[in-house]
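K.L.:
Provided below: final.pdb, containing PDB, C-alpha atoms.
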```pdb
ATOM      1  CA  MET A   1       7.904  -7.826  -4.298  1.00  0.00           C
ATOM      2  CA  THR A   2       6.589  -4.271  -4.156  1.00  0.00           C
ATOM      3  CA  LEU A   3       6.252  -2.130  -1.047  1.00  0.00           C
ATOM      4  CA  VAL A   4       4.189   1.060  -1.146  1.00  0.00           C
ATOM      5  CA  VAL A   5       4.851   3.680   1.516  1.00  0.00           C
ATOM      6  CA  GLU A   6       2.330   6.482   1.951  1.00  0.00           C
ATOM      7  CA  LEU A   7       2.075   9.610   4.024  1.00  0.00           C
ATOM      8  CA  ARG A   8      -1.607   9.863   4.929  1.00  0.00           C
ATOM      9  CA  ARG A   9      -3.820  12.261   6.789  1.00  0.00           C
ATOM     10  CA  GLY A  10      -6.608  10.542   8.623  1.00  0.00           C
ATOM     11  CA  GLY A  11     -10.044  12.084   8.776  1.00  0.00           C
ATOM     12  CA  SER A  12     -11.857  12.200  12.062  1.00  0.00           C
ATOM     13  CA  PRO A  13     -15.426  10.878  12.098  1.00  0.00           C
ATOM     14  CA  SER A  14     -16.254  13.354  14.872  1.00  0.00           C
ATOM     15  CA  ARG A  15     -16.375  17.118  14.580  1.00  0.00           C
ATOM     16  CA  SER A  16     -16.095  17.641  18.330  1.00  0.00           C
ATOM     17  CA  GLY A  17     -13.020  19.456  19.515  1.00  0.00           C
ATOM     18  CA  ARG A  18     -12.398  21.057  16.122  1.00  0.00           C
ATOM     19  CA  ARG A  19     -12.549  24.685  15.181  1.00  0.00           C
ATOM     20  CA  PRO A  20     -15.456  25.803  13.025  1.00  0.00           C
ATOM     21  CA  GLY A  21     -14.957  25.510   9.313  1.00  0.00           C
ATOM     22  CA  ALA A  22     -14.286  22.966   6.642  1.00  0.00           C
ATOM     23  CA  ARG A  23     -12.997  19.550   7.602  1.00  0.00           C
ATOM     24  CA  PRO A  24      -9.285  19.101   6.763  1.00  0.00           C
ATOM     25  CA  ALA A  25      -8.633  16.999   3.692  1.00  0.00           C
ATOM     26  CA  ALA A  26      -8.010  13.321   4.360  1.00  0.00           C
ATOM     27  CA  GLY A  27      -6.117  10.923   2.168  1.00  0.00           C
ATOM     28  CA  THR A  28      -2.737  10.326   0.633  1.00  0.00           C
ATOM     29  CA  LEU A  29      -0.282  13.232   0.743  1.00  0.00           C
ATOM     30  CA  GLY A  30       2.702  11.384  -0.719  1.00  0.00           C
ATOM     31  CA  ARG A  31       3.715   7.958  -2.007  1.00  0.00           C
ATOM     32  CA  ILE A  32       6.965   6.048  -2.515  1.00  0.00           C
ATOM     33  CA  VAL A  33       6.957   2.736  -4.385  1.00  0.00           C
ATOM     34  CA  PHE A  34       9.849   0.354  -3.753  1.00  0.00           C
ATOM     35  CA  ASP A  35      10.184  -2.314  -6.444  1.00  0.00           C
ATOM     36  CA  ASP A  36      12.128  -5.581  -6.397  1.00  0.00           C
ATOM     37  CA  ASP A  37      13.101  -5.656  -2.728  1.00  0.00           C
ATOM     38  CA  ALA A  38      14.704  -2.173  -2.887  1.00  0.00           C
ATOM     39  CA  PHE A  39      13.264  -1.250   0.533  1.00  0.00           C
ATOM     40  CA  TRP A  40      14.750  -4.328   2.165  1.00  0.00           C
ATOM     41  CA  ALA A  41      18.101  -3.748   0.428  1.00  0.00           C
ATOM     42  CA  ALA A  42      18.112  -0.207   1.840  1.00  0.00           C
ATOM     43  CA  VAL A  43      17.291  -1.507   5.342  1.00  0.00           C
ATOM     44  CA  GLU A  44      20.099  -4.065   5.050  1.00  0.00           C
ATOM     45  CA  GLY A  45      22.444  -1.348   3.757  1.00  0.00           C
ATOM     46  CA  LEU A  46      21.734   0.780   6.812  1.00  0.00           C
ATOM     47  CA  GLY A  47      21.908  -2.232   9.128  1.00  0.00           C
ATOM     48  CA  ARG A  48      18.748  -3.899  10.421  1.00  0.00           C
ATOM     49  CA  HIS A  49      19.939  -3.366  13.990  1.00  0.00           C
ATOM     50  CA  ARG A  50      20.232   0.401  13.363  1.00  0.00           C
ATOM     51  CA  VAL A  51      16.693   0.769  11.937  1.00  0.00           C
ATOM     52  CA  PRO A  52      14.633  -1.880  13.755  1.00  0.00           C
ATOM     53  CA  THR A  53      11.358  -0.010  13.246  1.00  0.00           C
ATOM     54  CA  LEU A  54      11.762  -0.297   9.471  1.00  0.00           C
ATOM     55  CA  ALA A  55      13.139  -3.826   9.735  1.00  0.00           C
ATOM     56  CA  ASP A  56       9.886  -4.850  11.497  1.00  0.00           C
ATOM     57  CA  VAL A  57       7.633  -3.701   8.634  1.00  0.00           C
ATOM     58  CA  ASP A  58       5.491  -6.610   7.413  1.00  0.00           C
ATOM     59  CA  PRO A  59       6.563  -7.317   3.807  1.00  0.00           C
ATOM     60  CA  TYR A  60       3.265  -9.066   2.981  1.00  0.00           C
ATOM     61  CA  GLY A  61       0.761  -6.948   4.886  1.00  0.00           C
ATOM     62  CA  ASP A  62      -0.014  -3.483   6.120  1.00  0.00           C
ATOM     63  CA  THR A  63       1.954  -1.632   8.783  1.00  0.00           C
ATOM     64  CA  ARG A  64       0.976   1.788  10.137  1.00  0.00           C
ATOM     65  CA  LEU A  65       3.316   4.082  12.054  1.00  0.00           C
ATOM     66  CA  ARG A  66       2.190   7.009  14.160  1.00  0.00           C
ATOM     67  CA  GLY A  67       3.004   8.562  17.500  1.00  0.00           C
ATOM     68  CA  GLU A  68       5.898   6.937  19.364  1.00  0.00           C
ATOM     69  CA  ALA A  69       6.631   4.518  16.520  1.00  0.00           C
ATOM     70  CA  VAL A  70       7.143   7.436  14.113  1.00  0.00           C
ATOM     71  CA  GLU A  71       9.348   9.237  16.627  1.00  0.00           C
ATOM     72  CA  ARG A  72      11.437   6.070  17.043  1.00  0.00           C
ATOM     73  CA  MET A  73      11.779   5.726  13.249  1.00  0.00           C
ATOM     74  CA  VAL A  74      12.890   9.373  12.994  1.00  0.00           C
ATOM     75  CA  ARG A  75      15.572   8.845  15.660  1.00  0.00           C
ATOM     76  CA  GLU A  76      16.801   5.706  13.901  1.00  0.00           C
ATOM     77  CA  LEU A  77      16.940   7.269  10.423  1.00  0.00           C
ATOM     78  CA  ALA A  78      18.468  10.516  11.710  1.00  0.00           C
ATOM     79  CA  GLY A  79      21.253   8.476  13.322  1.00  0.00           C
ATOM     80  CA  ALA A  80      21.803   6.238  10.292  1.00  0.00           C
ATOM     81  CA  ASP A  81      24.441   6.851   7.626  1.00  0.00           C
ATOM     82  CA  LEU A  82      22.194   7.437   4.613  1.00  0.00           C
ATOM     83  CA  ALA A  83      25.250   8.180   2.467  1.00  0.00           C
ATOM     84  CA  ARG A  84      25.911   4.411   2.406  1.00  0.00           C
ATOM     85  CA  LEU A  85      22.843   3.907   0.209  1.00  0.00           C
ATOM     86  CA  ARG A  86      22.457   4.126  -3.549  1.00  0.00           C
ATOM     87  CA  SER A  87      21.216   7.520  -4.717  1.00  0.00           C
ATOM     88  CA  ARG A  88      17.605   6.439  -5.329  1.00  0.00           C
ATOM     89  CA  ASP A  89      17.348   4.594  -1.999  1.00  0.00           C
ATOM     90  CA  ARG A  90      18.977   7.513  -0.168  1.00  0.00           C
ATOM     91  CA  GLU A  91      16.388   9.913  -1.633  1.00  0.00           C
ATOM     92  CA  ALA A  92      13.546   7.603  -0.600  1.00  0.00           C
ATOM     93  CA  MET A  93      14.877   7.228   2.958  1.00  0.00           C
ATOM     94  CA  THR A  94      15.445  10.994   3.196  1.00  0.00           C
ATOM     95  CA  THR A  95      11.821  11.505   2.130  1.00  0.00           C
ATOM     96  CA  LEU A  96      10.696   8.933   4.702  1.00  0.00           C
ATOM     97  CA  LEU A  97      12.664  10.811   7.382  1.00  0.00           C
ATOM     98  CA  ALA A  98      11.017  14.103   6.359  1.00  0.00           C
ATOM     99  CA  TRP A  99       7.581  12.460   6.483  1.00  0.00           C
ATOM    100  CA  GLY A 100       8.377  11.109   9.937  1.00  0.00           C
ATOM    101  CA  ARG A 101       9.236  14.600  11.139  1.00  0.00           C
ATOM    102  CA  ARG A 102       5.950  15.892   9.715  1.00  0.00           C
ATOM    103  CA  CYS A 103       4.047  13.095  11.480  1.00  0.00           C
ATOM    104  CA  ALA A 104       5.757  13.883  14.773  1.00  0.00           C
ATOM    105  CA  ALA A 105       4.591  17.499  14.441  1.00  0.00           C
ATOM    106  CA  ASP A 106       1.018  16.688  13.311  1.00  0.00           C
ATOM    107  CA  GLU A 107      -0.831  13.882  15.105  1.00  0.00           C
ATOM    108  CA  ARG A 108      -3.344  13.557  12.234  1.00  0.00           C
ATOM    109  CA  LEU A 109      -0.609  12.211   9.941  1.00  0.00           C
ATOM    110  CA  ARG A 110       0.586   8.622   9.719  1.00  0.00           C
ATOM    111  CA  ILE A 111       2.906   6.580   7.555  1.00  0.00           C
ATOM    112  CA  GLY A 112       1.528   3.410   6.008  1.00  0.00           C
ATOM    113  CA  PHE A 113       3.471   0.525   4.478  1.00  0.00           C
ATOM    114  CA  SER A 114       1.620  -1.907   2.207  1.00  0.00           C
ATOM    115  CA  GLY A 115       3.392  -4.993   0.931  1.00  0.00           C
ATOM    116  CA  ASP A 116       2.310  -7.641  -1.528  1.00  0.00           C
TER     117      ASP A 116
END
```
Translate the structure of the given file into structure tokens.
P.N.:
Amino acid sequence: MTLVVELRRGGSPSRSGRRPGARPAAGTLGRIVFDDDAFWAAVEGLGRHRVPTLADVDPYGDTRLRGEAVERMVRELAGADLARLRSRDREAMTTLLAWGRRCAADERLRIGFSGD
């Protein structure tokens, strides 16, 4: 099973409320691909009860995090012991934490999880 995690900037269909000038770029800003249940192994390694936002990601569908959900994920990951993870999983979760902090600072950003 593969899980793709993306940091995305959403485009607004409306120009109202924006400053004059070019529309900000929309689309994928970053991507992490977890192969062979690596994401779920990392969640288990951290403890599902310690990262419930990540534990609730739909493994077979699409899950989007923004706003309060992103802030909750940041709190959970910041409080988790990432050192318990394998190097590759730790790097991915550290990247996910950084993306969450970016999303919390910029409401146009969101994190998307797509499973197969």
K.L.:
For the atom pair atom CA of Asp89 of chain A and atom CA of Asp56 of chain A, what is the interatomic distance in Å to one decimal place?
P.N.:
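The value is 18.1 Å.
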K.L.:
When you look at Val74 of chain A with a cut-off of 12 Å (counting all atoms listed in the file), what residues show up, excluding the ones that are within fewer than 3 positions of it in the same chain? I need them as an MDAnalysis selection string.
P.N.:
chainID A and resid 50:54 65:71 77:80 93:105 111
K.L.:
So, counting all atoms listed in the file, which residue among A:Gly115, A:Gly45, A:Gly30, A:Pro59 is closest to Ala83 of chain A?
P.N.:
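Smallest distance to Ala83 of chain A is found for A:Gly45.
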K.L.:
Work out how far apart atom CA of Leu82 of chain A and atom CA of Arg110 of chain A are and give it in Å to one decimal.
P.N.:
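Answer for the atom CA of Leu82 of chain A to atom CA of Arg110 of chain A separation: 22.2 Å.
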K.L.:
So what do you get for atom CA of Ser114 of chain A versus atom CA of Glu6 of chain A, distance-wise?
P.N.:
8.4 Å
K.L.:
For a quick check of understanding, using all atoms listed in the file, which of A:Arg108, A:Arg75, A:His49, A:Arg8 has the smallest distance to Ile32 of chain A?
P.N.:
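Residue with the minimum atom-to-atom distance to Ile32 of chain A: A:Arg8.
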K.L.:
If we count all atoms listed in the file, what is near Val33 of chain A at a cut-off of 8 Å, once residues fewer than 5 positions away on the same chain are taken out, given as a PyMOL selection string?
P.N.:
chain A and resi 2-5
K.L.:
Every residue with an atom at most 6 Å from (9.3, -4.7, -1.4) (file coordinates; all atoms listed in the file) is what I'm after, so could you write them as number ranges by chain?
P.N.:
A: 1-3, 34-37, 39
K.L.:
Would you list the residues near (-4.8, 12.2, 6.9), meaning any protein, DNA or RNA residue with an atom at most 8 Å from that point in file coordinates, counting only C-alpha atoms, as a list in words?
P.N.:
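The distance filter leaves exactly Leu7, Arg8, Arg9, Gly10, Gly11, Ala25, Ala26, Gly27, Thr28, Leu29, Arg108, Leu109 and Arg110 of chain A.
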K.L.:
For Met73 of chain A, which residue among A:Gly61, A:Ala55, A:Leu85, A:Gly47 is the nearest when counting all atoms listed in the file?
P.N.:
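Smallest distance to Met73 of chain A is found for A:Ala55.
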K.L.:
So, counting only C-alpha atoms, which residue among A:Arg84, A:Arg48, A:Arg72, A:Arg31 is closest to Gly112 of chain A?
P.N.:
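Looking at the shortest contact to Gly112 of chain A, the residue is A:Arg31.
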